[in-house]
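S.K.: Just so it is clear, I am handing over model_30.cif, which has mmCIF, C-alpha atoms.
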```cif
data_query
loop_
_atom_site.label_atom_id
_atom_site.label_comp_id
_atom_site.auth_asym_id
_atom_site.auth_seq_id
_atom_site.Cartn_x
_atom_site.Cartn_y
_atom_site.Cartn_z
CA MET A 1 0.89 -19.61 -11.87
CA THR A 2 4.44 -21.02 -11.78
CA GLY A 3 3.94 -22.71 -8.42
CA ASN A 4 7.05 -22.85 -6.26
CA PRO A 5 9.97 -22.52 -8.72
CA GLY A 6 12.59 -22.28 -5.93
CA LYS A 7 11.31 -25.54 -4.42
CA ARG A 8 11.63 -24.02 -0.95
CA PRO A 9 9.36 -25.60 1.62
CA LEU A 10 6.19 -23.61 2.19
CA ASN A 11 5.18 -22.73 5.73
CA PRO A 12 1.88 -24.55 6.40
CA HIS A 13 1.56 -22.67 9.69
CA GLU A 14 1.93 -19.19 8.21
CA PRO A 15 -0.33 -16.80 10.13
CA ARG A 16 -3.19 -15.53 8.01
CA PRO A 17 -4.71 -12.47 9.67
CA GLU A 18 -8.29 -11.61 8.77
CA PRO A 19 -8.49 -9.03 5.95
CA ALA A 20 -9.61 -5.71 7.44
CA LEU A 21 -9.34 -2.04 6.66
CA PRO A 22 -7.13 -0.35 9.27
CA GLU A 23 -8.02 3.12 10.49
CA CYS A 24 -5.96 5.95 9.01
CA PRO A 25 -3.55 7.34 11.63
CA PRO A 26 -4.41 10.94 12.59
CA GLN A 27 -0.73 11.91 12.36
CA LEU A 28 -0.70 11.70 8.56
CA SER A 29 -0.66 14.92 6.53
CA PRO A 30 -3.42 15.62 3.99
CA VAL A 31 -1.25 14.36 1.10
CA ALA A 32 -0.37 11.20 3.05
CA ARG A 33 -4.06 10.68 3.87
CA GLN A 34 -4.96 10.86 0.18
CA GLU A 35 -2.35 8.20 -0.56
CA TRP A 36 -3.66 6.13 2.38
CA LEU A 37 -7.18 6.20 0.93
CA ARG A 38 -5.96 5.31 -2.55
CA LEU A 39 -3.83 2.38 -1.36
CA THR A 40 -6.22 0.93 1.19
CA GLY A 41 -9.00 1.07 -1.40
CA GLU A 42 -6.94 -1.00 -3.84
CA LEU A 43 -5.55 -3.38 -1.22
CA SER A 44 -8.95 -4.01 0.34
CA LYS A 45 -10.41 -4.97 -3.05
CA LEU A 46 -7.88 -7.81 -3.09
CA ASN A 47 -8.18 -8.62 0.63
CA LEU A 48 -4.46 -7.85 1.00
CA VAL A 49 -4.68 -5.46 3.96
CA THR A 50 -5.16 -6.20 7.65
CA HIS A 51 -5.05 -4.26 10.90
CA LEU A 52 -1.45 -5.44 11.29
CA ASP A 53 -0.46 -3.44 8.19
CA ARG A 54 -1.36 -0.04 9.64
CA GLY A 55 2.16 0.99 10.65
CA ALA A 56 3.85 -0.08 7.42
CA LEU A 57 1.15 1.59 5.31
CA ALA A 58 1.36 4.77 7.38
CA THR A 59 5.15 4.81 6.94
CA TYR A 60 4.75 4.40 3.19
CA CYS A 61 2.17 7.17 2.99
CA ALA A 62 4.24 9.55 5.12
CA ALA A 63 7.27 8.86 2.93
CA TYR A 64 5.13 9.47 -0.14
CA ALA A 65 4.00 12.85 1.20
CA LEU A 66 7.57 13.92 1.99
CA TRP A 67 8.72 12.71 -1.42
CA ALA A 68 5.92 14.66 -3.14
CA GLU A 69 6.80 17.84 -1.21
CA ALA A 70 10.49 17.48 -2.06
CA MET A 71 9.66 16.91 -5.74
CA GLU A 72 7.57 20.09 -5.82
CA GLN A 73 10.52 22.04 -4.43
CA ILE A 74 12.91 20.46 -6.95
CA GLN A 75 10.56 21.45 -9.76
CA LYS A 76 10.38 24.97 -8.36
CA TYR A 77 14.10 25.54 -7.60
CA GLY A 78 15.88 22.89 -9.67
CA THR A 79 18.36 20.20 -8.68
CA MET A 80 21.18 22.72 -8.20
CA VAL A 81 20.95 25.77 -5.93
CA LYS A 82 23.39 28.42 -4.77
CA SER A 83 25.08 27.89 -1.42
CA PRO A 84 25.27 30.82 1.04
CA THR A 85 28.73 31.52 -0.36
CA GLY A 86 27.38 31.63 -3.92
CA TYR A 87 28.68 28.29 -5.21
CA PRO A 88 26.31 25.85 -6.89
CA ILE A 89 25.40 22.84 -4.76
CA GLN A 90 22.94 19.98 -5.01
CA SER A 91 19.52 20.91 -3.71
CA PRO A 92 18.88 19.49 -0.23
CA TYR A 93 15.45 18.49 -1.53
CA LEU A 94 17.09 16.03 -3.91
CA SER A 95 18.53 13.95 -1.07
CA ILE A 96 15.16 14.08 0.74
CA ALA A 97 13.34 12.89 -2.39
CA ASN A 98 15.87 10.10 -2.98
CA ARG A 99 15.72 8.88 0.64
CA GLN A 100 11.91 8.83 0.67
CA ALA A 101 11.83 7.06 -2.70
CA GLU A 102 14.14 4.35 -1.33
CA MET A 103 11.90 3.91 1.70
CA MET A 104 8.79 3.78 -0.48
CA MET A 105 10.32 1.11 -2.73
CA ARG A 106 11.28 -1.11 0.21
CA ILE A 107 7.77 -0.93 1.66
CA ALA A 108 6.18 -1.18 -1.79
CA SER A 109 7.86 -4.52 -2.38
CA GLU A 110 6.38 -5.84 0.89
CA PHE A 111 2.84 -5.02 -0.23
CA GLY A 112 3.18 -5.96 -3.89
CA PHE A 113 3.07 -2.40 -5.26
CA THR A 114 5.74 -3.20 -7.87
CA PRO A 115 5.37 -5.57 -10.84
CA ALA A 116 8.16 -7.87 -9.60
CA SER A 117 6.80 -8.08 -6.06
CA ARG A 118 3.25 -8.64 -7.34
CA SER A 119 4.42 -11.75 -9.16
CA ARG A 120 5.39 -13.26 -5.78
CA ILE A 121 1.96 -12.73 -4.21
CA SER A 122 -0.60 -15.49 -4.38
CA ALA A 123 -4.18 -14.28 -4.18
CA PRO A 124 -7.38 -16.21 -4.86
CA PRO A 125 -9.24 -15.43 -8.09
CA PRO A 126 -11.74 -12.54 -7.70
CA ASP A 127 -14.70 -14.92 -7.73
CA GLN A 128 -13.21 -16.79 -4.74
CA LEU A 129 -12.48 -13.83 -2.46
CA PRO A 130 -14.03 -14.25 1.00
CA LEU A 131 -15.94 -10.98 0.67
CA LEU A 132 -17.79 -12.29 -2.37
CA GLU A 133 -18.48 -15.61 -0.66
CA LEU A 134 -19.95 -13.79 2.32
CA ALA A 135 -22.15 -11.63 0.08
CA SER A 136 -23.46 -14.65 -1.82
CA ASP A 137 -24.08 -16.54 1.45
CA GLU A 138 -26.08 -13.62 2.81
CA TYR A 139 -28.04 -13.40 -0.43
CA GLY A 140 -28.81 -17.10 -0.32
CA GLU A 141 -30.02 -16.81 3.29
CA GLU A 142 -32.24 -13.83 2.48
CA LYS A 143 -33.74 -15.66 -0.47
CA VAL A 144 -34.59 -18.68 1.71
CA GLU A 145 -36.15 -16.44 4.38
CA GLU A 146 -38.29 -14.70 1.76
CA GLU A 147 -39.53 -18.03 0.41
CA ASP A 148 -40.38 -19.24 3.94
CA GLY A 149 -42.25 -16.04 4.75
CA GLY A 150 -44.29 -15.91 1.54
#
```
Rewrite the coordinates I just gave you, this time as structure tokens.

M.R.:
Amino acid sequence: MTGNPGKRPLNPHEPRPEPALPECPPQLSPVARQEWLRLTGELSKLNLVTHLDRGALATYCAAYALWAEAMEQIQKYGTMVKSPTGYPIQSPYLSIANRQAEMMMRIASEFGFTPASRSRISAPPPDQLPLLELASDEYGEEKVEEEDGG
């Protein structure tokens, strides 16, 4: 909507891979697979996912699953636990959760999962998405064939 406010030259030769739904890697845990299905469903609606995105999405989903597991343990045991010597220490799950959250945020900004990163993505209006154009083309062809046959 605001065009190119930084006035940086745009790359006219930017590669534009064909939108496609990558296959979910078998290495992902059940929680990571659920996140994979949720994200790919949303990204595919906007034609923002390609086969090239598989690794980055898998990394995000794996980080999400580890983060979710660590958060469950923090909720169960708290942010402070007793060390073997009896002194209170920070839960090791807290550092796991924080590290996975950092990783998720870095990858999230690449895909436009955050409000700020979404504002930098340029997508065609929903009525101009290639998927809709293809569907209307197919419908038009079927209609012509029916008229010819009848």

S.K.: Find the residues around Met104 of chain A up to 8 Å (all atoms listed in the file counted), leave out those fewer than 3 positions away in its own chain, and share them as a list of chain:residue names.

M.R.: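 Contacts, in chain order: A:Tyr60, A:Ala63, A:Tyr64, A:Gln100, A:Ala101, A:Ile107, A:Ala108.
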
S.K.: Residue by residue, what does the PyMOL selection byres ((chain A and resi 48) around 10) grab here? Present the result as a compact mmCIF listing (two decimals) with C-alpha atoms, in the frame of the given file.

M.R.:
```
# COMPACT_ATOMS: atom_id res chain seq x y z
CA PRO A 17 -4.71 -12.47 9.67
CA GLU A 18 -8.29 -11.61 8.77
CA PRO A 19 -8.49 -9.03 5.95
CA ALA A 20 -9.61 -5.71 7.44
CA LEU A 21 -9.34 -2.04 6.66
CA THR A 40 -6.22 0.93 1.19
CA GLU A 42 -6.94 -1.00 -3.84
CA LEU A 43 -5.55 -3.38 -1.22
CA SER A 44 -8.95 -4.01 0.34
CA LYS A 45 -10.41 -4.97 -3.05
CA LEU A 46 -7.88 -7.81 -3.09
CA ASN A 47 -8.18 -8.62 0.63
CA VAL A 49 -4.68 -5.46 3.96
CA THR A 50 -5.16 -6.20 7.65
CA ASP A 53 -0.46 -3.44 8.19
CA PHE A 111 2.84 -5.02 -0.23
CA GLY A 112 3.18 -5.96 -3.89
CA ILE A 121 1.96 -12.73 -4.21
CA ALA A 123 -4.18 -14.28 -4.18
```

S.K.: Nearest residue to His51 of chain A out of A:Arg16, A:Lys82, A:Arg38, A:Arg106, using all atoms listed in the file?

M.R.: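 Closest to His51 of chain A, using all atoms listed in the file: A:Arg16.
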
S.K.: What does the structure give for the distance between atom CA of Asn98 of chain A and atom CA of Trp67 of chain A, in Å to one decimal?

M.R.: 7.8 Å

S.K.: Quick one: distance from atom CA of Ala68 of chain A to atom CA of Trp36 of chain A in Å, one decimal?

M.R.: 14.0 Å

S.K.: Care to translate the PyMOL selection byres ((chain A and resi 91) around 7) into actual residues of this file, as a compact mmCIF listing (two decimals) with C-alpha atoms, in the frame of the given file?

M.R.:
```txt
# COMPACT_ATOMS: atom_id res chain seq x y z
CA THR A 79 18.36 20.20 -8.68
CA MET A 80 21.18 22.72 -8.20
CA VAL A 81 20.95 25.77 -5.93
CA ILE A 89 25.40 22.84 -4.76
CA GLN A 90 22.94 19.98 -5.01
CA PRO A 92 18.88 19.49 -0.23
CA TYR A 93 15.45 18.49 -1.53
CA LEU A 94 17.09 16.03 -3.91
```

S.K.: Report, in Å to a single decimal, how far apart atom CA of Thr59 of chain A and atom CA of Ile96 of chain A are.

M.R.: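 Taking atom CA of Ile96 of chain A as the start and atom CA of Thr59 of chain A as the end point, the length is 15.0 Å.
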
S.K.: Nearest to Cys61 of chain A among A:Ser117, A:Thr85, A:Gln75, A:Ser29, with distances taken over all atoms listed in the file: which residue is it?

M.R.: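 Distance minimum relative to Cys61 of chain A lands on A:Ser29.
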
S.K.: For a cutoff of 6 Å around the file-coordinate point (12.8, 17.0, -5.3), which residues qualify once you count only C-alpha atoms? I'd like the result as a list in words.

M.R.: Ala70, Met71, Gln73, Ile74, Tyr93, Leu94 and Ala97 of chain A
